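Participant: I am attaching a structure below and will ask some questions about it afterwards.
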Amino acid sequence: MNVKTKKINKKNPWLQRQDKDPFVKMAKEMGYKSRAAFKLLEINKKYKLLHNISSVCDIGAAPGGWSQVISKTFQNLQGKSKTPPQIIAIDLLDMDPIPFVQFIKGDFTKLETLGILNNIEFDLIVSDMAPNTSGHQETDHLKSMTLSYSVIEFVKQKLKPSCNFAIKIFLGSKEKQFVDEVKKIFQKIEYFKPESSRSESKEIYIIGLNKK
């Protein structure tokens with residue numbers, strides 16, 4: 001007797017989640033490099049971070065979803081401003097070219113990277129950067145905090161007074177301590193959880209408004 005075996009679909013759980021994610025589908029349809037683009041779109045809709053500015057630094061930019069949003073916003077405003085836009089994206093990983101975006105492959109904490117920036121200061125600094133995650137919530141939180149403090153040091157040096165900032169962190173035991181540090185730099189801070197951020201994710205965005 002011949003027995004037919006049924007093929008079992010053992011697709012990776014991450015791939016299954018991607019297949020069901022409406023933001024992944026929309027990102028593909030709209031040409032964004034990642035679903036993360038929608039997070040910045042939501043942040044900008046609420047806080048108008050990309051309005052009336054001419055220079056932005058995107059830290060940990062690869063694969064480039066946030067840089068795309070920034071670039072498209074500047075393109076839409078082209079002709080309304082006489083100042084050429086300046087968008088600098090920094091990452092250790094490679095990133096495909098994006099209009100208006102100058103990509104720097106390197107570590108934003110190193111002197112050689114800072115040297116490329118010379119005396120440039122920015123109207124806005126953003127970071128959607130995340131560490132390589134382990135799946136252990138507190139470990140990933142602590143890794144996120146280490147990166148976030150490095151970003152804060154960059155912000156102190158490179159963000160103009162009265163300008164704004166947005167960063168992703170993972171919630172955990174050191175969150176309040178980090179937020180207290182951000183409060184020393186900005187007149188106002190807010191927590192923001194975009195709808196495009198998965199509900200089960202511990203990520204949250206800290207928005208720093210009006211640098212002191």
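Letters for chains follow the order of the structure tokens (A, B, ...), residue numbers begin at 1 for each chain, and ligand numbers begin at 1 in the order shown.
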Write out as number ranges by chain each polymer residue whose atoms come within 7 Å of range 162-174 of chain A, counting only C-alpha atoms; drop sequence neighbours fewer than 6 positions from it.

Facilitator: A: 49, 123-129, 138, 141, 144-145, 202-212

Participant: Please identify all polymer residues within 9 Å of range 33-37 of chain A, counting only C-alpha atoms, omitting same-chain residues fewer than 4 positions from it, and present them as a PDB file with all heavy atoms, in the first residue's frame.

Facilitator:
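out_9.pdb, written as the output of this step:
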ATOM      1  N   PHE A  23       2.048  46.535   7.600  1.00  0.00           N
ATOM      2  CA  PHE A  23       3.051  47.580   7.371  1.00  0.00           C
ATOM      3  C   PHE A  23       4.189  47.069   6.486  1.00  0.00           C
ATOM      4  O   PHE A  23       4.798  47.844   5.740  1.00  0.00           O
ATOM      5  CB  PHE A  23       3.580  48.119   8.695  1.00  0.00           C
ATOM      6  CG  PHE A  23       2.566  48.926   9.452  1.00  0.00           C
ATOM      7  CD1 PHE A  23       1.886  48.370  10.522  1.00  0.00           C
ATOM      8  CD2 PHE A  23       2.270  50.225   9.073  1.00  0.00           C
ATOM      9  CE1 PHE A  23       0.934  49.107  11.208  1.00  0.00           C
ATOM     10  CE2 PHE A  23       1.324  50.971   9.753  1.00  0.00           C
ATOM     11  CZ  PHE A  23       0.646  50.404  10.827  1.00  0.00           C
ATOM     12  N   VAL A  24       4.498  45.783   6.576  1.00  0.00           N
ATOM     13  CA  VAL A  24       5.487  45.189   5.673  1.00  0.00           C
ATOM     14  C   VAL A  24       4.967  45.261   4.238  1.00  0.00           C
ATOM     15  O   VAL A  24       5.692  45.631   3.310  1.00  0.00           O
ATOM     16  CB  VAL A  24       5.788  43.729   6.061  1.00  0.00           C
ATOM     17  CG1 VAL A  24       6.650  43.045   4.995  1.00  0.00           C
ATOM     18  CG2 VAL A  24       6.489  43.667   7.413  1.00  0.00           C
ATOM     19  N   LYS A  25       3.690  44.924   4.065  1.00  0.00           N
ATOM     20  CA  LYS A  25       3.068  44.962   2.734  1.00  0.00           C
ATOM     21  C   LYS A  25       3.056  46.397   2.190  1.00  0.00           C
ATOM     22  O   LYS A  25       3.412  46.635   1.026  1.00  0.00           O
ATOM     23  CB  LYS A  25       1.644  44.423   2.810  1.00  0.00           C
ATOM     24  CG  LYS A  25       0.927  44.391   1.465  1.00  0.00           C
ATOM     25  CD  LYS A  25      -0.479  43.838   1.603  1.00  0.00           C
ATOM     26  CE  LYS A  25      -1.197  43.831   0.253  1.00  0.00           C
ATOM     27  NZ  LYS A  25      -2.587  43.320   0.370  1.00  0.00           N
ATOM     28  N   MET A  26       2.665  47.355   3.026  1.00  0.00           N
ATOM     29  CA  MET A  26       2.619  48.748   2.579  1.00  0.00           C
ATOM     30  C   MET A  26       4.013  49.278   2.234  1.00  0.00           C
ATOM     31  O   MET A  26       4.172  50.048   1.291  1.00  0.00           O
ATOM     32  CB  MET A  26       1.968  49.624   3.651  1.00  0.00           C
ATOM     33  CG  MET A  26       0.459  49.490   3.726  1.00  0.00           C
ATOM     34  SD  MET A  26      -0.308  50.807   4.725  1.00  0.00           S
ATOM     35  CE  MET A  26       0.323  50.427   6.351  1.00  0.00           C
ATOM     36  N   ALA A  27       5.013  48.859   3.015  1.00  0.00           N
ATOM     37  CA  ALA A  27       6.382  49.302   2.750  1.00  0.00           C
ATOM     38  C   ALA A  27       6.831  48.842   1.362  1.00  0.00           C
ATOM     39  O   ALA A  27       7.445  49.601   0.604  1.00  0.00           O
ATOM     40  CB  ALA A  27       7.322  48.773   3.824  1.00  0.00           C
ATOM     41  N   LYS A  28       6.501  47.602   1.023  1.00  0.00           N
ATOM     42  CA  LYS A  28       6.854  47.082  -0.308  1.00  0.00           C
ATOM     43  C   LYS A  28       6.115  47.846  -1.400  1.00  0.00           C
ATOM     44  O   LYS A  28       6.699  48.203  -2.424  1.00  0.00           O
ATOM     45  CB  LYS A  28       6.515  45.596  -0.375  1.00  0.00           C
ATOM     46  CG  LYS A  28       7.413  44.708   0.478  1.00  0.00           C
ATOM     47  CD  LYS A  28       6.994  43.248   0.382  1.00  0.00           C
ATOM     48  CE  LYS A  28       7.901  42.373   1.241  1.00  0.00           C
ATOM     49  NZ  LYS A  28       7.475  40.942   1.205  1.00  0.00           N
ATOM     50  N   LEU A  41       7.111  58.407  10.015  1.00  0.00           N
ATOM     51  CA  LEU A  41       5.975  59.157   9.459  1.00  0.00           C
ATOM     52  C   LEU A  41       4.984  59.516  10.565  1.00  0.00           C
ATOM     53  O   LEU A  41       4.458  60.637  10.600  1.00  0.00           O
ATOM     54  CB  LEU A  41       5.286  58.333   8.372  1.00  0.00           C
ATOM     55  CG  LEU A  41       6.050  58.225   7.041  1.00  0.00           C
ATOM     56  CD1 LEU A  41       5.413  57.157   6.155  1.00  0.00           C
ATOM     57  CD2 LEU A  41       6.074  59.565   6.315  1.00  0.00           C
ATOM     58  N   GLU A  42       4.724  58.581  11.468  1.00  0.00           N
ATOM     59  CA  GLU A  42       3.804  58.854  12.584  1.00  0.00           C
ATOM     60  C   GLU A  42       4.396  59.865  13.557  1.00  0.00           C
ATOM     61  O   GLU A  42       3.694  60.760  14.047  1.00  0.00           O
ATOM     62  CB  GLU A  42       3.482  57.555  13.324  1.00  0.00           C
ATOM     63  CG  GLU A  42       2.594  56.605  12.557  1.00  0.00           C
ATOM     64  CD  GLU A  42       2.210  55.395  13.386  1.00  0.00           C
ATOM     65  OE1 GLU A  42       1.540  55.577  14.418  1.00  0.00           O
ATOM     66  OE2 GLU A  42       2.597  54.273  13.011  1.00  0.00           O
ATOM     67  N   ALA A  62      20.860  52.198   8.380  1.00  0.00           N
ATOM     68  CA  ALA A  62      20.584  51.042   7.505  1.00  0.00           C
ATOM     69  C   ALA A  62      19.387  50.227   8.018  1.00  0.00           C
ATOM     70  O   ALA A  62      19.204  50.107   9.231  1.00  0.00           O
ATOM     71  CB  ALA A  62      21.820  50.146   7.422  1.00  0.00           C
ATOM     72  N   PRO A  63      18.543  49.728   7.103  1.00  0.00           N
ATOM     73  CA  PRO A  63      18.675  49.731   5.636  1.00  0.00           C
ATOM     74  C   PRO A  63      18.245  51.027   4.960  1.00  0.00           C
ATOM     75  O   PRO A  63      18.377  51.156   3.756  1.00  0.00           O
ATOM     76  CB  PRO A  63      17.750  48.592   5.217  1.00  0.00           C
ATOM     77  CG  PRO A  63      16.673  48.586   6.256  1.00  0.00           C
ATOM     78  CD  PRO A  63      17.373  48.937   7.543  1.00  0.00           C
ATOM     79  N   GLY A  64      17.703  51.994   5.715  1.00  0.00           N
ATOM     80  CA  GLY A  64      17.455  53.303   5.120  1.00  0.00           C
ATOM     81  C   GLY A  64      16.023  53.782   5.118  1.00  0.00           C
ATOM     82  O   GLY A  64      15.712  54.794   4.484  1.00  0.00           O
ATOM     83  N   GLY A  65      15.131  53.101   5.819  1.00  0.00           N
ATOM     84  CA  GLY A  65      13.723  53.504   5.832  1.00  0.00           C
ATOM     85  C   GLY A  65      13.499  54.919   6.339  1.00  0.00           C
ATOM     86  O   GLY A  65      12.735  55.690   5.745  1.00  0.00           O
ATOM     87  N   TRP A  66      14.180  55.286   7.427  1.00  0.00           N
ATOM     88  CA  TRP A  66      14.008  56.643   7.968  1.00  0.00           C
ATOM     89  C   TRP A  66      14.637  57.679   7.050  1.00  0.00           C
ATOM     90  O   TRP A  66      14.091  58.760   6.847  1.00  0.00           O
ATOM     91  CB  TRP A  66      14.597  56.717   9.378  1.00  0.00           C
ATOM     92  CG  TRP A  66      13.652  56.199  10.420  1.00  0.00           C
ATOM     93  CD1 TRP A  66      12.765  55.165  10.274  1.00  0.00           C
ATOM     94  CD2 TRP A  66      13.498  56.680  11.749  1.00  0.00           C
ATOM     95  NE1 TRP A  66      12.071  54.972  11.442  1.00  0.00           N
ATOM     96  CE2 TRP A  66      12.503  55.883  12.363  1.00  0.00           C
ATOM     97  CE3 TRP A  66      14.106  57.678  12.487  1.00  0.00           C
ATOM     98  CZ2 TRP A  66      12.091  56.081  13.687  1.00  0.00           C
ATOM     99  CZ3 TRP A  66      13.708  57.877  13.813  1.00  0.00           C
ATOM    100  CH2 TRP A  66      12.710  57.084  14.397  1.00  0.00           C
ATOM    101  N   SER A  67      15.797  57.361   6.492  1.00  0.00           N
ATOM    102  CA  SER A  67      16.444  58.303   5.561  1.00  0.00           C
ATOM    103  C   SER A  67      15.572  58.536   4.338  1.00  0.00           C
ATOM    104  O   SER A  67      15.537  59.651   3.799  1.00  0.00           O
ATOM    105  CB  SER A  67      17.821  57.765   5.135  1.00  0.00           C
ATOM    106  OG  SER A  67      18.744  57.847   6.198  1.00  0.00           O
ATOM    107  N   GLN A  68      14.862  57.503   3.896  1.00  0.00           N
ATOM    108  CA  GLN A  68      13.934  57.667   2.773  1.00  0.00           C
ATOM    109  C   GLN A  68      12.821  58.651   3.114  1.00  0.00           C
ATOM    110  O   GLN A  68      12.471  59.510   2.304  1.00  0.00           O
ATOM    111  CB  GLN A  68      13.319  56.321   2.401  1.00  0.00           C
ATOM    112  CG  GLN A  68      14.167  55.444   1.524  1.00  0.00           C
ATOM    113  CD  GLN A  68      13.433  54.176   1.146  1.00  0.00           C
ATOM    114  OE1 GLN A  68      13.039  53.389   2.002  1.00  0.00           O
ATOM    115  NE2 GLN A  68      13.223  53.987  -0.138  1.00  0.00           N
ATOM    116  N   VAL A  69      12.247  58.509   4.295  1.00  0.00           N
ATOM    117  CA  VAL A  69      11.178  59.413   4.718  1.00  0.00           C
ATOM    118  C   VAL A  69      11.693  60.846   4.760  1.00  0.00           C
ATOM    119  O   VAL A  69      11.037  61.778   4.277  1.00  0.00           O
ATOM    120  CB  VAL A  69      10.628  59.006   6.104  1.00  0.00           C
ATOM    121  CG1 VAL A  69       9.694  60.086   6.662  1.00  0.00           C
ATOM    122  CG2 VAL A  69       9.884  57.675   6.014  1.00  0.00           C
ATOM    123  N   ASP A 128      16.824  55.270  14.973  1.00  0.00           N
ATOM    124  CA  ASP A 128      15.963  54.087  15.124  1.00  0.00           C
ATOM    125  C   ASP A 128      16.835  52.850  15.355  1.00  0.00           C
ATOM    126  O   ASP A 128      16.421  51.733  15.123  1.00  0.00           O
ATOM    127  CB  ASP A 128      15.112  53.906  13.859  1.00  0.00           C
ATOM    128  CG  ASP A 128      14.007  52.878  14.046  1.00  0.00           C
ATOM    129  OD1 ASP A 128      13.377  52.876  15.116  1.00  0.00           O
ATOM    130  OD2 ASP A 128      13.774  52.074  13.121  1.00  0.00           O
ATOM    131  N   SER A 196       2.447  51.708  14.207  1.00  0.00           N
ATOM    132  CA  SER A 196       3.209  50.762  13.397  1.00  0.00           C
ATOM    133  C   SER A 196       4.236  49.982  14.210  1.00  0.00           C
ATOM    134  O   SER A 196       4.878  49.062  13.680  1.00  0.00           O
ATOM    135  CB  SER A 196       3.911  51.496  12.253  1.00  0.00           C
ATOM    136  OG  SER A 196       4.615  52.623  12.717  1.00  0.00           O
ATOM    137  N   SER A 197       4.401  50.327  15.485  1.00  0.00           N
ATOM    138  CA  SER A 197       5.250  49.545  16.368  1.00  0.00           C
ATOM    139  C   SER A 197       4.436  48.358  16.882  1.00  0.00           C
ATOM    140  O   SER A 197       3.317  48.525  17.367  1.00  0.00           O
ATOM    141  CB  SER A 197       5.726  50.398  17.544  1.00  0.00           C
ATOM    142  OG  SER A 197       6.509  49.629  18.439  1.00  0.00           O
TER     143      SER A 197
END

Participant: From the list A:Gln102, A:Ser55, A:Asn118, A:Ser201, which residue is nearest Leu159 in chain A when using only C-alpha atoms?

Facilitator: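 Answer, going by the shortest atom-to-atom distance: A:Ser55.
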
Participant: Can you check which residues of chain A DSSP gives as helix (DSSP H, G or I) on the backbone and send them as a PyMOL selection string?

Facilitator: chain A and resi 13-20+22-30+37-47+65-77+111-117+137-158+175-183

Participant: Among range 9-191 of chain A, which residues carry a DSSP assignment of strand (DSSP E), reported as an NGL selection string?

Facilitator: :A and (55-59 or 86-91 or 101-105 or 122-127 or 159-170 or 186-191)
